[in-house]
Amino acid sequence: MKLNAHIQAIYLATSAGAQMKSVSHAKVNAGSGLEGDRYAMNTGAYSTVEPIKVRHISLIALSGIETANDWLLAGDEPTFDGAETRRNIVLEGISASELNGLVGQRFQLGNIQLLGTELCTPCERPAQLLNRPSFMDAFEGRGGLRAEVLNSGSLAIGDKLFKENEK
């Protein structure tokens, strides 16, 4: 199955709870993540949680956000934009289940090699920060994934995602 996914948005937050800021490109460092982001600087809300998890970069499917928002609108609940999901990268052209399938897989985003480490199970953090309790239910199975950064380089809006065997 060939994916036609690309970066639709890139977000960084400088510290735990800080508002996510949209950027058009970001420097990426192997072993730490997006330069200027809270987890690359060990200032994220979960940076010291044991056992330590790889939080170099988080990705979410735009289609997953749209599906979650449809669910929220049906219940007359406020919706979430890409920044409010607290994920670093929003991908267009991939389903939430296709993105979930990258856990345990090597893949490439632009010129950055990544290894999908685990699903981003919806947590209470976005719900608490925005006082919108329905986040966890709406994003169940659509929360995206975390990945380990294997090489340094940069990412920009429009960069394409490739699975290891697609290039």
# chains A, B, ... in the order shown; residues from 1 in each chain; ligands from 1

call {"tool": "residues_around", "arguments": {"residues": "A:Leu129", "least_positions_apart": "3", "cutoff": "10 Å", "atoms": "only C-alpha atoms", "output": "VMD selection string"}}
result
chain A and resid 17 to 19 84 124 to 126 132 to 133

call {"tool": "select_by_dssp", "arguments": {"residues": "stretch 87-162 of chain A", "states": "strand (DSSP E or B)", "output": "ChimeraX atom specification"}}
result
/A:89-92,103,106-109,112-119,145-149,153-156,160-162

call {"tool": "write_last_selection", "arguments": {"atoms": "N, CA and C atoms", "output": "tab-separated table (two decimals), in the first residue's frame"}}
result
chain	number	residue	atom	x	y	z
A	89	ILE	N	3.44	17.16	14.42
A	89	ILE	CA	3.26	17.09	12.98
A	89	ILE	C	1.83	16.65	12.66
A	90	VAL	N	1.16	17.41	11.79
A	90	VAL	CA	-0.14	17.00	11.26
A	90	VAL	C	0.10	16.55	9.83
A	91	LEU	N	-0.32	15.31	9.53
A	91	LEU	CA	-0.13	14.72	8.21
A	91	LEU	C	-1.44	14.69	7.44
A	92	GLU	N	-1.39	15.14	6.20
A	92	GLU	CA	-2.54	15.06	5.31
A	92	GLU	C	-2.30	13.91	4.34
A	103	VAL	N	3.61	2.05	13.90
A	103	VAL	CA	4.26	1.67	15.16
A	103	VAL	C	5.12	0.43	14.90
A	106	ARG	N	10.03	1.46	10.48
A	106	ARG	CA	10.90	2.58	10.08
A	106	ARG	C	10.20	3.28	8.92
A	107	PHE	N	10.23	4.61	8.94
A	107	PHE	CA	9.67	5.38	7.85
A	107	PHE	C	10.43	6.68	7.72
A	108	GLN	N	10.18	7.38	6.63
A	108	GLN	CA	10.90	8.62	6.36
A	108	GLN	C	9.90	9.74	6.15
A	109	LEU	N	10.20	10.88	6.76
A	109	LEU	CA	9.41	12.09	6.60
A	109	LEU	C	10.37	13.15	6.08
A	112	ILE	N	14.14	12.94	7.00
A	112	ILE	CA	14.32	12.44	8.36
A	112	ILE	C	13.86	10.99	8.47
A	113	GLN	N	14.76	10.14	8.96
A	113	GLN	CA	14.44	8.74	9.21
A	113	GLN	C	13.82	8.63	10.61
A	114	LEU	N	12.70	7.92	10.70
A	114	LEU	CA	11.99	7.77	11.97
A	114	LEU	C	11.66	6.31	12.23
A	115	LEU	N	11.49	6.00	13.50
A	115	LEU	CA	11.02	4.70	13.92
A	115	LEU	C	9.78	4.93	14.79
A	116	GLY	N	8.65	4.42	14.34
A	116	GLY	CA	7.41	4.55	15.13
A	116	GLY	C	7.55	3.77	16.42
A	117	THR	N	7.42	4.44	17.57
A	117	THR	CA	7.66	3.76	18.85
A	117	THR	C	6.39	3.34	19.58
A	118	GLU	N	5.35	4.17	19.53
A	118	GLU	CA	4.10	3.80	20.22
A	118	GLU	C	2.99	4.75	19.80
A	119	LEU	N	1.75	4.30	20.01
A	119	LEU	CA	0.60	5.17	19.76
A	119	LEU	C	0.56	6.27	20.81
A	145	LEU	N	0.89	9.01	16.73
A	145	LEU	CA	1.96	8.17	17.25
A	145	LEU	C	3.20	8.98	17.58
A	146	ARG	N	4.04	8.37	18.39
A	146	ARG	CA	5.34	8.95	18.72
A	146	ARG	C	6.40	8.21	17.91
A	147	ALA	N	7.46	8.94	17.59
A	147	ALA	CA	8.53	8.31	16.82
A	147	ALA	C	9.89	8.77	17.32
A	148	GLU	N	10.85	7.89	17.13
A	148	GLU	CA	12.24	8.18	17.46
A	148	GLU	C	12.90	8.77	16.21
A	149	VAL	N	13.67	9.85	16.39
A	149	VAL	CA	14.39	10.49	15.29
A	149	VAL	C	15.75	9.82	15.16
A	153	GLY	N	18.46	16.68	10.51
A	153	GLY	CA	18.12	17.35	9.26
A	153	GLY	C	17.05	18.39	9.54
A	154	SER	N	16.14	18.54	8.60
A	154	SER	CA	15.06	19.49	8.81
A	154	SER	C	13.78	18.97	8.18
A	155	LEU	N	12.67	19.50	8.66
A	155	LEU	CA	11.35	19.18	8.12
A	155	LEU	C	10.67	20.48	7.71
A	156	ALA	N	9.83	20.39	6.68
A	156	ALA	CA	9.08	21.56	6.23
A	156	ALA	C	7.69	21.13	5.80
A	160	LYS	N	7.07	14.86	2.22
A	160	LYS	CA	6.30	13.63	2.06
A	160	LYS	C	6.75	12.54	3.04
A	161	LEU	N	5.81	11.66	3.36
A	161	LEU	CA	6.07	10.49	4.20
A	161	LEU	C	6.22	9.28	3.30
A	162	PHE	N	7.27	8.49	3.57
A	162	PHE	CA	7.49	7.26	2.85
A	162	PHE	C	7.70	6.13	3.85

call {"tool": "select_by_dssp", "arguments": {"residues": "stretch 95-166 of chain A", "states": "helix (DSSP H, G or I)", "output": "ChimeraX atom specification"}}
result
/A:96-100,124-130,135-138

call {"tool": "write_last_selection", "arguments": {"atoms": "N, CA, C and O atoms", "output": "compact mmCIF listing (two decimals), in the first residue's frame"}}
result
# COMPACT_ATOMS: atom_id res chain seq x y z
N ALA A 96 -5.98 7.67 10.06
CA ALA A 96 -5.50 7.41 11.42
C ALA A 96 -5.02 5.96 11.54
O ALA A 96 -3.99 5.70 12.15
N SER A 97 -5.73 5.02 10.93
CA SER A 97 -5.32 3.62 11.05
C SER A 97 -4.03 3.34 10.28
O SER A 97 -3.20 2.55 10.72
N GLU A 98 -3.83 4.00 9.11
CA GLU A 98 -2.57 3.85 8.38
C GLU A 98 -1.41 4.40 9.21
O GLU A 98 -0.34 3.80 9.28
N LEU A 99 -1.63 5.55 9.85
CA LEU A 99 -0.59 6.12 10.70
C LEU A 99 -0.32 5.21 11.89
O LEU A 99 0.84 4.92 12.21
N ASN A 100 -1.37 4.69 12.52
CA ASN A 100 -1.20 3.77 13.65
C ASN A 100 -0.37 2.55 13.23
O ASN A 100 0.39 2.01 14.04
N GLU A 124 -5.20 13.20 29.16
CA GLU A 124 -5.99 14.30 29.71
C GLU A 124 -5.37 15.66 29.47
O GLU A 124 -6.03 16.67 29.65
N ARG A 125 -4.10 15.71 29.07
CA ARG A 125 -3.40 16.99 28.97
C ARG A 125 -4.12 18.01 28.08
O ARG A 125 -4.40 19.12 28.53
N PRO A 126 -4.42 17.71 26.79
CA PRO A 126 -5.14 18.70 25.99
C PRO A 126 -6.50 19.07 26.58
O PRO A 126 -6.90 20.22 26.56
N ALA A 127 -7.20 18.06 27.13
CA ALA A 127 -8.51 18.31 27.72
C ALA A 127 -8.39 19.27 28.91
O ALA A 127 -9.19 20.19 29.06
N GLN A 128 -7.36 19.06 29.75
CA GLN A 128 -7.16 19.93 30.91
C GLN A 128 -6.76 21.34 30.50
O GLN A 128 -7.29 22.32 31.03
N LEU A 129 -5.81 21.44 29.57
CA LEU A 129 -5.31 22.76 29.18
C LEU A 129 -6.40 23.62 28.55
O LEU A 129 -6.39 24.84 28.68
N LEU A 130 -7.33 22.97 27.84
CA LEU A 130 -8.38 23.72 27.14
C LEU A 130 -9.75 23.60 27.83
O LEU A 130 -10.73 24.16 27.35
N PHE A 135 -11.95 15.30 24.82
CA PHE A 135 -10.79 15.00 23.97
C PHE A 135 -10.48 13.51 23.96
O PHE A 135 -10.28 12.92 22.89
N MET A 136 -10.41 12.89 25.12
CA MET A 136 -9.99 11.49 25.20
C MET A 136 -10.93 10.58 24.42
O MET A 136 -10.49 9.70 23.69
N ASP A 137 -12.22 10.78 24.56
CA ASP A 137 -13.18 9.94 23.83
C ASP A 137 -13.12 10.20 22.33
O ASP A 137 -13.12 9.27 21.52
N ALA A 138 -13.06 11.47 21.94
CA ALA A 138 -13.08 11.82 20.52
C ALA A 138 -11.85 11.31 19.78
O ALA A 138 -11.93 10.94 18.60

call {"tool": "closest_residue", "arguments": {"among": "A:Pro78, A:Tyr11, A:Gly143, A:Gln105", "to": "A:Asn131", "atoms": "only C-alpha atoms"}}
result
A:Pro78

call {"tool": "atom_distance", "arguments": {"atom1": "atom CA of A:Gly93", "atom2": "atom CA of A:His6"}}
result
6.6 Å
